[in-house]
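Next comes protein.cif, with mmCIF, C-alpha atoms.
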```cif
data_input
#
loop_
_atom_site.label_atom_id
_atom_site.label_comp_id
_atom_site.auth_asym_id
_atom_site.auth_seq_id
_atom_site.Cartn_x
_atom_site.Cartn_y
_atom_site.Cartn_z
CA MET K 570 0.00 0.00 0.00
CA TYR K 571 1.04 3.60 -0.58
CA LEU K 572 0.26 7.04 0.79
CA ALA K 573 0.15 9.93 -1.67
CA ARG K 574 -1.06 13.52 -1.46
CA ASP K 575 -2.79 15.33 -4.33
CA LYS K 576 -1.88 18.85 -5.37
CA ASN K 577 -4.99 20.14 -3.50
CA ASN K 578 -3.60 18.56 -0.28
CA ASP K 579 -6.02 15.57 -0.15
CA LEU K 580 -4.31 12.47 1.25
CA TYR K 581 -5.02 8.98 -0.09
CA LEU K 582 -4.13 5.40 0.72
CA PHE K 583 -3.73 3.29 -2.44
CA ASN K 584 -3.59 -0.50 -2.62
CA GLU K 585 -1.07 -0.27 -5.49
CA ARG K 586 1.61 2.27 -6.37
CA PRO K 587 -0.19 5.25 -7.92
CA GLN K 588 0.89 7.27 -10.93
CA ARG K 589 1.23 11.07 -10.84
CA GLY K 590 -1.25 12.99 -12.97
CA ASN K 591 -1.32 16.75 -13.58
CA GLU K 592 -2.98 17.51 -10.23
CA CYS K 593 -3.63 14.17 -8.55
CA TRP K 594 -2.38 10.61 -8.09
CA TRP K 595 -4.33 7.77 -9.67
CA ALA K 596 -4.29 3.99 -9.53
CA GLU K 597 -3.42 2.09 -12.69
CA SER K 598 -6.67 0.14 -12.55
CA GLY K 599 -8.55 3.43 -12.19
CA ILE K 600 -11.59 2.01 -10.42
CA ASP K 601 -13.24 2.77 -7.10
CA GLY K 602 -11.99 0.62 -4.25
CA THR K 603 -8.32 1.01 -5.17
CA TYR K 604 -7.87 4.01 -2.86
CA LEU K 605 -9.22 5.55 0.34
CA ARG K 606 -9.21 9.25 1.23
CA LEU K 607 -7.67 9.97 4.64
CA ASP K 608 -7.70 12.95 7.00
CA LYS K 609 -5.55 15.70 5.44
CA SER K 610 -3.84 16.44 8.74
CA LEU K 611 -2.21 13.00 8.85
CA TYR K 612 1.35 12.42 7.61
CA PRO K 613 2.39 16.01 6.83
CA GLU K 614 5.69 14.62 5.53
CA VAL K 615 3.80 13.25 2.50
CA THR K 616 3.51 16.12 0.03
CA TRP K 617 2.51 16.57 -3.60
CA ASP K 618 6.20 16.91 -4.45
CA SER K 619 7.20 13.67 -2.71
CA GLU K 620 6.94 10.20 -4.19
CA PRO K 621 4.26 7.82 -2.84
CA LEU K 622 5.25 6.41 0.55
CA ALA K 623 5.11 2.62 0.88
CA VAL K 624 3.22 1.66 4.06
CA GLY K 625 1.96 -1.49 5.75
CA LEU K 626 -1.23 -2.31 7.58
CA VAL K 627 -1.25 -4.06 10.95
CA ILE K 628 -4.49 -5.77 11.96
CA LEU K 629 -4.86 -6.24 15.69
CA ALA K 630 -7.23 -8.57 17.53
CA ALA K 631 -9.97 -6.85 19.55
CA GLY K 632 -8.47 -5.35 22.69
CA ASP K 633 -4.85 -5.64 21.52
CA LYS K 634 -2.62 -2.57 21.38
CA LEU K 635 0.20 -1.98 18.94
CA GLY K 636 3.50 -3.19 20.37
CA THR K 637 1.99 -5.56 22.95
CA ARG K 638 2.20 -8.80 20.98
#
```

Could you express the structure from this file as structure tokens?
Amino acid sequence: MYLARDKNNDLYLFNERPQRGNECWWAESGIDGTYLRLDKSLYPEVTWDSEPLAVGLVILAAGDKLGTR
């Protein structure tokens, strides 16, 4: 998965590496469900000028906290 920020400052999580368009990032498959819009205030280090940031997803069991397993 990748984080990328559009030129208008919207932040997205993509399930595949997105491609840069003129003003936004887009997924190669180009269909809904390949990305998720996130809160703009998250990850200020991800900017329009930066490349997509590879990220991972950790799924925790109910009641677990990150770093306690």

Item to complete: Mind giving me the straight-line distance from CA of Leu605 (chain K) to CA of Met570 (chain K) in Å, one decimal?
Response: 10.8 Å

Please list as a PDB file with C-alpha atoms, in the frame of the given file every residue within 10 Å of Ser610 (chain K), counting only C-alpha atoms and excluding residues in the same chain fewer than 5 positions away.
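Everything below was put into out.pdb:
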```
ATOM      1  CA  ASN K 578      -3.600  18.560  -0.280  1.00  0.00           C
ATOM      2  CA  ASP K 579      -6.020  15.570  -0.150  1.00  0.00           C
ATOM      3  CA  LEU K 580      -4.310  12.470   1.250  1.00  0.00           C
TER       4      LEU K 580
END
```

Item to complete: Between K:Trp617, K:Trp595, K:Phe583, K:Tyr612, single out the one closest to Tyr571 (chain K), counting only C-alpha atoms.
Response: K:Phe583

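Here the selection is built from all atoms listed in the file, and the residues within 9 Å of (-6.0, 4.1, -4.2) turn out to be Met570, Tyr571, Leu572, Ala573, Tyr581, Leu582, Phe583, Asn584, Glu585, Arg586, Pro587, Trp594, Trp595, Ala596, Gly599, Ile600, Asp601, Gly602, Thr603, Tyr604, Leu605 and Arg606 of chain K.
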
Worksheet entry | Close residues, Asn577 (chain K) itself excluded, 8 Å, all atoms listed in the file, min 3 positions apart in chain, as a PyMOL selection string | chain K and resi 574+592-593

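The space separating CA of Pro613 (chain K) from CA of Lys634 (chain K) comes to 24.1 Å.
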
Worksheet item: For Asp575 (chain K), which residue out of K:Val615, K:Leu622, K:Leu635, K:Ala630 is the nearest one, using all atoms listed in the file?
Response: K:Val615

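For the pair CA of Arg589 (chain K) and CA of Leu626 (chain K), the interatomic distance is 22.9 Å.
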
As a PDB file, keeping the file's coordinate frame, the rebuilt region 575-600 of chain K with N, CA and C atoms:
```
ATOM      1  N   ASP K 575      -2.488  14.587  -3.108  1.00  0.00           N
ATOM      2  CA  ASP K 575      -2.790  15.330  -4.330  1.00  0.00           C
ATOM      3  C   ASP K 575      -2.331  16.777  -4.207  1.00  0.00           C
ATOM      4  N   LYS K 576      -2.311  17.454  -5.335  1.00  0.00           N
ATOM      5  CA  LYS K 576      -1.880  18.850  -5.370  1.00  0.00           C
ATOM      6  C   LYS K 576      -2.779  19.733  -4.497  1.00  0.00           C
ATOM      7  N   ASN K 577      -4.065  19.362  -4.332  1.00  0.00           N
ATOM      8  CA  ASN K 577      -4.990  20.140  -3.500  1.00  0.00           C
ATOM      9  C   ASN K 577      -4.899  19.761  -2.022  1.00  0.00           C
ATOM     10  N   ASN K 578      -3.915  18.955  -1.660  1.00  0.00           N
ATOM     11  CA  ASN K 578      -3.600  18.560  -0.280  1.00  0.00           C
ATOM     12  C   ASN K 578      -4.417  17.367   0.228  1.00  0.00           C
ATOM     13  N   ASP K 579      -5.306  16.772  -0.575  1.00  0.00           N
ATOM     14  CA  ASP K 579      -6.020  15.570  -0.150  1.00  0.00           C
ATOM     15  C   ASP K 579      -5.025  14.419  -0.045  1.00  0.00           C
ATOM     16  N   LEU K 580      -5.202  13.593   0.979  1.00  0.00           N
ATOM     17  CA  LEU K 580      -4.310  12.470   1.250  1.00  0.00           C
ATOM     18  C   LEU K 580      -5.041  11.168   0.978  1.00  0.00           C
ATOM     19  N   TYR K 581      -4.394  10.242   0.279  1.00  0.00           N
ATOM     20  CA  TYR K 581      -5.020   8.980  -0.090  1.00  0.00           C
ATOM     21  C   TYR K 581      -4.130   7.793   0.245  1.00  0.00           C
ATOM     22  N   LEU K 582      -4.784   6.688   0.558  1.00  0.00           N
ATOM     23  CA  LEU K 582      -4.130   5.400   0.720  1.00  0.00           C
ATOM     24  C   LEU K 582      -4.510   4.559  -0.486  1.00  0.00           C
ATOM     25  N   PHE K 583      -3.510   4.101  -1.238  1.00  0.00           N
ATOM     26  CA  PHE K 583      -3.730   3.290  -2.440  1.00  0.00           C
ATOM     27  C   PHE K 583      -3.314   1.852  -2.172  1.00  0.00           C
ATOM     28  N   ASN K 584      -3.993   0.894  -2.788  1.00  0.00           N
ATOM     29  CA  ASN K 584      -3.590  -0.500  -2.620  1.00  0.00           C
ATOM     30  C   ASN K 584      -2.510  -0.916  -3.610  1.00  0.00           C
ATOM     31  N   GLU K 585      -2.191  -0.045  -4.559  1.00  0.00           N
ATOM     32  CA  GLU K 585      -1.070  -0.270  -5.490  1.00  0.00           C
ATOM     33  C   GLU K 585      -0.373   1.064  -5.698  1.00  0.00           C
ATOM     34  N   ARG K 586       0.859   1.024  -6.179  1.00  0.00           N
ATOM     35  CA  ARG K 586       1.610   2.270  -6.370  1.00  0.00           C
ATOM     36  C   ARG K 586       0.890   3.150  -7.399  1.00  0.00           C
ATOM     37  N   PRO K 587       0.513   4.375  -6.988  1.00  0.00           N
ATOM     38  CA  PRO K 587      -0.190   5.250  -7.920  1.00  0.00           C
ATOM     39  C   PRO K 587       0.755   5.964  -8.871  1.00  0.00           C
ATOM     40  N   GLN K 588       0.165   6.498  -9.932  1.00  0.00           N
ATOM     41  CA  GLN K 588       0.890   7.270 -10.930  1.00  0.00           C
ATOM     42  C   GLN K 588       0.525   8.739 -10.748  1.00  0.00           C
ATOM     43  N   ARG K 589       1.491   9.633 -10.977  1.00  0.00           N
ATOM     44  CA  ARG K 589       1.230  11.070 -10.840  1.00  0.00           C
ATOM     45  C   ARG K 589       0.551  11.599 -12.095  1.00  0.00           C
ATOM     46  N   GLY K 590      -0.581  12.284 -11.892  1.00  0.00           N
ATOM     47  CA  GLY K 590      -1.250  12.990 -12.970  1.00  0.00           C
ATOM     48  C   GLY K 590      -0.867  14.465 -12.906  1.00  0.00           C
ATOM     49  N   ASN K 591      -1.613  15.313 -13.594  1.00  0.00           N
ATOM     50  CA  ASN K 591      -1.320  16.750 -13.580  1.00  0.00           C
ATOM     51  C   ASN K 591      -1.573  17.378 -12.218  1.00  0.00           C
ATOM     52  N   GLU K 592      -2.633  16.929 -11.524  1.00  0.00           N
ATOM     53  CA  GLU K 592      -2.980  17.510 -10.230  1.00  0.00           C
ATOM     54  C   GLU K 592      -3.304  16.474  -9.172  1.00  0.00           C
ATOM     55  N   CYS K 593      -3.279  15.196  -9.533  1.00  0.00           N
ATOM     56  CA  CYS K 593      -3.630  14.170  -8.550  1.00  0.00           C
ATOM     57  C   CYS K 593      -2.912  12.855  -8.890  1.00  0.00           C
ATOM     58  N   TRP K 594      -2.914  11.958  -7.905  1.00  0.00           N
ATOM     59  CA  TRP K 594      -2.380  10.610  -8.090  1.00  0.00           C
ATOM     60  C   TRP K 594      -3.540   9.699  -8.464  1.00  0.00           C
ATOM     61  N   TRP K 595      -3.276   8.690  -9.275  1.00  0.00           N
ATOM     62  CA  TRP K 595      -4.330   7.770  -9.670  1.00  0.00           C
ATOM     63  C   TRP K 595      -3.782   6.350  -9.739  1.00  0.00           C
ATOM     64  N   ALA K 596      -4.669   5.405  -9.481  1.00  0.00           N
ATOM     65  CA  ALA K 596      -4.290   3.990  -9.530  1.00  0.00           C
ATOM     66  C   ALA K 596      -4.377   3.497 -10.959  1.00  0.00           C
ATOM     67  N   GLU K 597      -3.474   2.629 -11.323  1.00  0.00           N
ATOM     68  CA  GLU K 597      -3.420   2.090 -12.690  1.00  0.00           C
ATOM     69  C   GLU K 597      -4.756   1.501 -13.107  1.00  0.00           C
ATOM     70  N   SER K 598      -5.395   0.765 -12.198  1.00  0.00           N
ATOM     71  CA  SER K 598      -6.670   0.140 -12.550  1.00  0.00           C
ATOM     72  C   SER K 598      -7.779   1.176 -12.689  1.00  0.00           C
ATOM     73  N   GLY K 599      -7.629   2.316 -12.009  1.00  0.00           N
ATOM     74  CA  GLY K 599      -8.550   3.430 -12.190  1.00  0.00           C
ATOM     75  C   GLY K 599      -9.981   3.189 -11.766  1.00  0.00           C
ATOM     76  N   ILE K 600     -10.214   2.272 -10.844  1.00  0.00           N
ATOM     77  CA  ILE K 600     -11.590   2.010 -10.420  1.00  0.00           C
ATOM     78  C   ILE K 600     -11.752   2.298  -8.927  1.00  0.00           C
TER      79      ILE K 600
END
```
